[in-house]
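Notes follow once the structure below has been shown.
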Amino acid sequence: MHKILTKKVLNEQVILMELEAPRVAKKCRPGQFVILRVNETGERIPLTIADFDREKGTVTIIFQIVGKTTMLLAEQEENGFVSDIVGPLGNASDLNGVRKAAVIGGGLGSAIAYPQAKALHKMGANVEIIAGFRTKDLVILEDEMRAVSDKLFVMTDDGSYGEHGLVTDKLKERIDDGAGYDTVIAIGPLIMMKFVAKLTKEYGIRTVVSMNPVMIDGTGMCGGCRVSVGGETKFACVDGPEFDGHLIDFDEVIRRTSMYREQEQEAVKQHKCRLEDALDG
Amino acid sequence: MAERNMSSTKNPMPEQDPDVRNKNFDEVAKGYTEEMAVSEAMRCLNCKKPSCVAGCPVNVKIPEFIKCIQERRFKDAYLTLKQTNSLPAVCGRVCPQETQCEAVCVRGKKGEPVAIGRLERFAADWYLNNCDEKSEKPEINGHKVAVLGSGPAGLTCAGDLAQMGYDVTVFEAFHAPGGVLIYGIPEFRLPKAIVRHEIEKLEEAGVKIETNTIAGKAVSIDELFEEGYEAVFIGTGAGLPMFMHIEGENLNGVFSANEFLTRVNLMKAYRDDYDTPVYRAKTVAVVGGGNVAMDSARCAKRLGAEIVYIVYRRSEEEMPARAEEVHHAKEEGIVFKLLCNPVRILGDDKGWVNGIECVEMELGEPDASGRRRPIPKEGSEFTLDVDCVVMAIGTSPNPTVTKATSGLEVNKRGCIVADEETGQTSIEGVYAGGDAVTGAATVILAMGAGKKAANAIDEYIKGKTE
């Protein structure tokens with residue numbers, strides 16, 4: 001059992017939790033992830049480690065409520081427990097030699113890209129963050145991102161906050177203005193990463209993306225997380241989760257990620273019904 | 001005592017009707033009653049020089065435990081088994097007795113051998129149902145040993161070391177211990193309550209288990225030595241699924257047997273009270289001819305598939321699956337497409353599987369495995385309409401531990417190099433056994449290796465401290 005030490009609601013869909021996990025906290029590095037199970041009958045879901053504290057023996061996760069398991073997780077309160085956490089899984093980000101980077105975060109992806117930006121900033125690299133959100137109410141971690149970047153651009157789809165537009169619009173503008181990035185790190189919805197990679201390919205800028213596909217064990221055992229990278233099949237859990245954005249077959253990943261969508265939607269519906277019944281009863 | 005039973009055939013095992021059982025996950029074989037067991041035990045001649053014992057990788061005292069059953073001393077039968085076998089209820093169910101103890105039974109020369117496996121299962125189940133005393137905790141000798149992996153090799157090694165008084169901790173990557181016994185072998189062949197019970201017995205005897213701990217990631221072998229462990233046993237199995245590398249293998253609806261079976265077995269996707277999603281297909285092709293292929297096919301059938309094919313490139317004779325599993329699969333309506341090999345997997349415009357193209361094969365000259373090499377018949381391609389494909393063509397050792405441990409020698413197949421008699425690896429104090437060393441093999445071979453390594457570790461630590 002792992003105690004929930006802190007729970008913060010970042011916006012109506014995104015929640016931060018700091019959890020006790022001493023073995024993971026002792027070893028983890030930016031870019032790695034954990035697999036978590038809320039309770040005995042729960043699913044195993046992969047979540048990127050957003051932060052960690054080796055002395056306290058804790059890891060921080062930031063997740064979006066998208067399915068039954070994340071709904072269930074969001075219902076847990078401070079000082080409560082989750083049944084299982086295993087990690088650290090995957091390879092740490094390779095940030096060696098990066099001097100000027102654009103870190104792109106889309107929605108929840110901003111939280112997942114934040115540790116990379118923080119690490120780069122600490123290394124002394126010049127970091128520009130372009131963070132995109134649907135609307136003002138969904139903006140998260142703005143102060144934190146500002147603190148670890150030389151420039152922060154917040155973009156909203158509806159123009160209700162920051163600048164109006166997509167992250168790719170701002171990225172193109174910055175490149176054309178001569179920002180001179182040697183690396184772009186893009187983390188967010190698959191479709192966003194696909195278009196960031198498409199753009200940077202035209203400019204020949206090295207681009208790293210992070211995959212979070214369907215998986216069970218996180219140790220290379222199930223093969224559910226296979227992705228095609230440069231025509232070769234790789235397992236996101238052990239070969240990734242970060243890959244060269246110019247080599248990933250995004251369309252395949254998008255398709256494979258939808259594998260259990262129908263069942264997932266059904267599970268969410270049933271869970272909501274049960275919640276409502278409980279409230280009514 | 002009952003009379004010697006000179007029947008040339010085994011007492012048959014009561015089983016669920018095939019048409020009933022292929023719709024549920026309850027155990028197929030129901031087990032002997034006391035009367036059946038005593039009657040079968042009376043077929044044993046209690047040979048003075050028994051060859052069966054040498055046929056068993058953990059040298060179960062077969063004539064002794066059977067004699068106990070003959071005399072209706074069922075508890076003693078269990079205790080006799082337990083002296084050399086940490087997991088008798090498991091072995092009685094999943095060991096390939098027909099190629100081991102029973103293969104060399106004298107009664108098998110004229111007729112069928114004594115049903116040693118069924119009797120082993122009976123004794124273990126009888127104890128489980130009739131005795132609830134706790135295992136005795138041996139006196140601790142103060143030496144710590146770490147075991148990586150809680151499958152058959154690791155559990156046996158841990159159990160034997162605990163009996164000798166060692167302070168043993170087992171590290172398991174999954175949220176539940178048991179390894180392949182939990183995630184791989186289905187409920188209908190090996191009920192998980194049985195596995196849990198056997199593991200509880202080991203815990204009572206002093207074995208500690210840390211789940212959710214990935215060796216090589218959360219904790220390295222060097223760190224274990226720093227934490228005061230004096231020896232390490234690696235029993236991390238062969239968990240990496242193989243694929244054929246053919247077109248269409250990444251389509252939605254193509255799974256490794258590992259993924260499919262883990263969802264169903266460890267994560268109980270067949271039960272409504274679990275959140276695990278699993279793809280319930282109408283028509284399934286399982287590629288492969290081993291026990292894992294049979295398990296996958298039979299699970300798919302139980303999840304509601306109308307047609308389930310086994311697609312295997314050689315003939316039935318070469319199938320690595322146990323004859324009993326093939327027989328059970330056929331009874332349950334699994335369709336065998338033998339001498340067929342997949343060429344590519346076909347998909348619809350949304351990227352879901354809708355067919356598997358195969359080519360017919362014929363057998364040529366024997367290959368390195370001694371089996372006749374399958375050769376494709378040119379122009380014999382045909383398509384099976386399926387909406388799911390499960391790849392059950394084998395597994396290889398997981399490199400997580402070996403990659404994280406400098407100086408640990410592996411061969412070109414990724415298997416850890418270890419001494420056959422002791423399990424000693426290229427690093428002092430580090431031992432290995434089971435599928436991590438041999439590549440995918442059987443539960444009992446892994447247990448045999450765990451046992452040998454336990455003895456070697458005992459000698460090593462004693463030698464060091466003397």
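Following the order of the structure tokens, chains are lettered A, B, ..., residues in each are numbered from 1, and ligands are numbered from 1.
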Report as an MDAnalysis selection string all protein, DNA and RNA residues lying within 8 Å of region 64-80 of chain A, evaluated on only C-alpha atoms, omitting residues in the same chain fewer than 6 positions from it.
chainID A and resid 3:7 13:15 38 42:43 45 108 264:265 267:268 271
List as a tab-separated table every residue of chain B that is in contact with chain A, defined as an atom at most 10 Å from one of its atoms (using only C-alpha atoms), together with the nearest atom pair and the distance in Å rounded to one decimal, sorted by chain and then rising number.
residue	atom	partner	partner_atom	distance
B:Ala173	CA	A:Val86	CA	7.4
B:Phe174	CA	A:Asp217	CA	7.1
B:His175	CA	A:Asp84	CA	6.7
B:Thr211	CA	A:Val86	CA	8.7
B:Asn212	CA	A:Val86	CA	4.9
B:Thr213	CA	A:Val86	CA	6.3
B:Ile214	CA	A:Gly87	CA	7.0
B:Lys217	CA	A:Pro88	CA	6.3
B:Ala218	CA	A:Arg23	CA	5.8
B:Val219	CA	A:Arg23	CA	7.6
B:Ala238	CA	A:Met221	CA	8.9
B:Gly239	CA	A:Met221	CA	5.2
B:Leu240	CA	A:Met221	CA	4.9
B:Pro241	CA	A:Met221	CA	6.3
B:Met242	CA	A:Gly223	CA	8.9
B:Phe243	CA	A:Gly223	CA	9.2
B:His245	CA	A:Thr233	CA	8.5
B:Glu249	CA	A:Thr233	CA	9.5
B:Asn250	CA	A:Arg226	CA	7.3
B:Leu251	CA	A:Arg256	CA	7.4
B:Asn252	CA	A:Arg256	CA	5.9
B:Gly253	CA	A:Met259	CA	7.7
B:Val254	CA	A:Gly224	CA	9.0
B:Phe255	CA	A:Gly224	CA	6.9
B:Ser256	CA	A:Gly223	CA	6.4
B:Ala257	CA	A:Cys222	CA	8.0
B:Asn258	CA	A:Cys222	CA	5.2
B:Glu259	CA	A:Cys222	CA	4.3
B:Phe260	CA	A:Cys222	CA	8.0
B:Leu261	CA	A:Cys222	CA	9.2
B:Thr262	CA	A:Cys222	CA	7.8
B:Arg263	CA	A:Ile216	CA	8.0
B:Met267	CA	A:Glu43	CA	7.6
B:Lys268	CA	A:Thr41	CA	8.4
B:Ala269	CA	A:Glu43	CA	9.7
B:Arg271	CA	A:Thr41	CA	9.7
B:Asp272	CA	A:Thr41	CA	9.7
B:Asp273	CA	A:Thr41	CA	6.7
B:Tyr274	CA	A:Thr41	CA	4.6
B:Asp275	CA	A:Gly42	CA	5.3
B:Thr276	CA	A:Glu43	CA	5.3
B:Pro277	CA	A:Gln263	CA	6.5
B:Val278	CA	A:Tyr260	CA	7.6
B:Tyr279	CA	A:Tyr260	CA	7.5
B:Lys350	CA	A:Arg255	CA	7.9
B:Gly351	CA	A:Arg255	CA	6.9
B:Trp352	CA	A:Arg255	CA	8.9
B:Thr395	CA	A:Met221	CA	9.0
B:Ser396	CA	A:Met221	CA	9.7
B:Pro397	CA	A:Met221	CA	9.7
B:Asn398	CA	A:Gly220	CA	7.3
B:Pro399	CA	A:Gly220	CA	8.9
B:Thr400	CA	A:Thr219	CA	7.4
Would you mind writing down, as a PyMOL selection string, each residue of region 119-279 of chain A that DSSP on the backbone assigns to strand (DSSP E)?
chain A and resi 126-133+151-156+163-164+183-187+206-210+226-229+232-235+242-244
Show which residues sit within 8 Å of region 239-250 of chain A, as a count of residues only. Count only C-alpha atoms, and ignore same-chain residues fewer than 2 positions away.
31
Would you mind listing what lies within 10 Å of Lys151 (chain A) as number ranges by chain, with only C-alpha atoms counted and same-chain residues fewer than 6 positions away left out?
A: 102, 126-130, 145
Taking all heavy atoms for each residue, export the selection above as a compact mmCIF listing (two decimals), in the first residue's frame.
# COMPACT_ATOMS: atom_id res chain seq x y z
N ALA A 102 13.46 23.82 -27.15
CA ALA A 102 12.05 24.19 -27.01
C ALA A 102 11.37 23.00 -26.37
O ALA A 102 11.44 21.88 -26.89
CB ALA A 102 11.44 24.48 -28.37
N ASN A 126 19.56 26.82 -22.40
CA ASN A 126 18.54 27.84 -22.63
C ASN A 126 17.24 27.12 -22.96
O ASN A 126 17.19 26.31 -23.89
CB ASN A 126 18.98 28.74 -23.79
CG ASN A 126 18.05 29.91 -23.99
OD1 ASN A 126 16.85 29.73 -24.14
ND2 ASN A 126 18.60 31.11 -23.98
N VAL A 127 16.22 27.37 -22.16
CA VAL A 127 14.96 26.62 -22.31
C VAL A 127 13.80 27.56 -22.63
O VAL A 127 13.57 28.53 -21.91
CB VAL A 127 14.62 25.86 -21.00
CG1 VAL A 127 13.32 25.08 -21.15
CG2 VAL A 127 15.75 24.92 -20.62
N GLU A 128 13.12 27.28 -23.72
CA GLU A 128 11.87 27.98 -24.00
C GLU A 128 10.74 26.97 -23.91
O GLU A 128 10.82 25.90 -24.48
CB GLU A 128 11.91 28.61 -25.41
CG GLU A 128 12.97 29.70 -25.50
CD GLU A 128 12.92 30.48 -26.81
OE1 GLU A 128 12.03 30.20 -27.64
OE2 GLU A 128 13.78 31.37 -26.98
N ILE A 129 9.70 27.32 -23.15
CA ILE A 129 8.56 26.40 -23.03
C ILE A 129 7.37 26.97 -23.80
O ILE A 129 7.05 28.15 -23.66
CB ILE A 129 8.17 26.19 -21.55
CG1 ILE A 129 9.33 25.58 -20.76
CG2 ILE A 129 6.93 25.29 -21.45
CD1 ILE A 129 9.03 25.33 -19.29
N ILE A 130 6.78 26.12 -24.62
CA ILE A 130 5.54 26.50 -25.28
C ILE A 130 4.48 25.53 -24.77
O ILE A 130 4.56 24.32 -25.02
CB ILE A 130 5.66 26.40 -26.82
CG1 ILE A 130 6.85 27.23 -27.31
CG2 ILE A 130 4.35 26.83 -27.48
CD1 ILE A 130 7.16 27.04 -28.80
N MET A 145 6.51 26.46 -14.54
CA MET A 145 7.16 26.44 -15.85
C MET A 145 7.95 27.73 -16.07
O MET A 145 9.04 27.71 -16.62
CB MET A 145 6.12 26.25 -16.96
CG MET A 145 5.52 24.85 -16.99
SD MET A 145 4.54 24.51 -18.45
CE MET A 145 3.10 25.50 -18.17
Once DSSP has gone over the backbone, tell me which residues of region 75-202 of chain A are in helix (DSSP H, G or I), as a ChimeraX atom specification.
/A:109-123,136-138,142-147,167-176,190-202
In Å, how far is it from CA of His197 (chain B) to CA of Leu128 (chain B)?
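Value for the CA of His197 (chain B)-CA of Leu128 (chain B) distance: 8.0 Å.
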Counting only C-alpha atoms, the residue among B:Val417, B:Pro96, B:Ile209, B:Val292 that lies closest to Ala323 (chain B) is B:Pro96
Provide the CA of Val284 (chain B) to CA of Met391 (chain B) distance in Å, to one decimal place.
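CA of Met391 (chain B) lies at a distance of 10.8 Å from CA of Val284 (chain B).
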Can you tell me which residues surround Val114 (chain B) at a distance of at most 12 Å, considering only C-alpha atoms, apart from same-chain residues fewer than 4 positions away, and format the answer as a ChimeraX atom specification?
/B:5-12,37-46,52,62-63,66,97-98,101-110,118-120
Compile the contact shell of Tyr309 (chain B) as number ranges by chain: residues with an atom at most 12 Å away, counting only C-alpha atoms, same-chain residues fewer than 6 positions apart removed.
B: 282-289, 293-294, 296-298, 300-301, 329-330, 332-338, 340, 356, 384-391
Please report the interatomic distance between CA of Ile393 (chain B) and CA of Ala193 (chain B) in Å with one decimal.
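About the pair CA of Ile393 (chain B) and CA of Ala193 (chain B): they are 28.4 Å apart.
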Of the listed residues B:Val180, B:Leu87, B:Ile116, B:Leu79, that which approaches Gly159 (chain B) most closely, counting only C-alpha atoms
B:Leu87
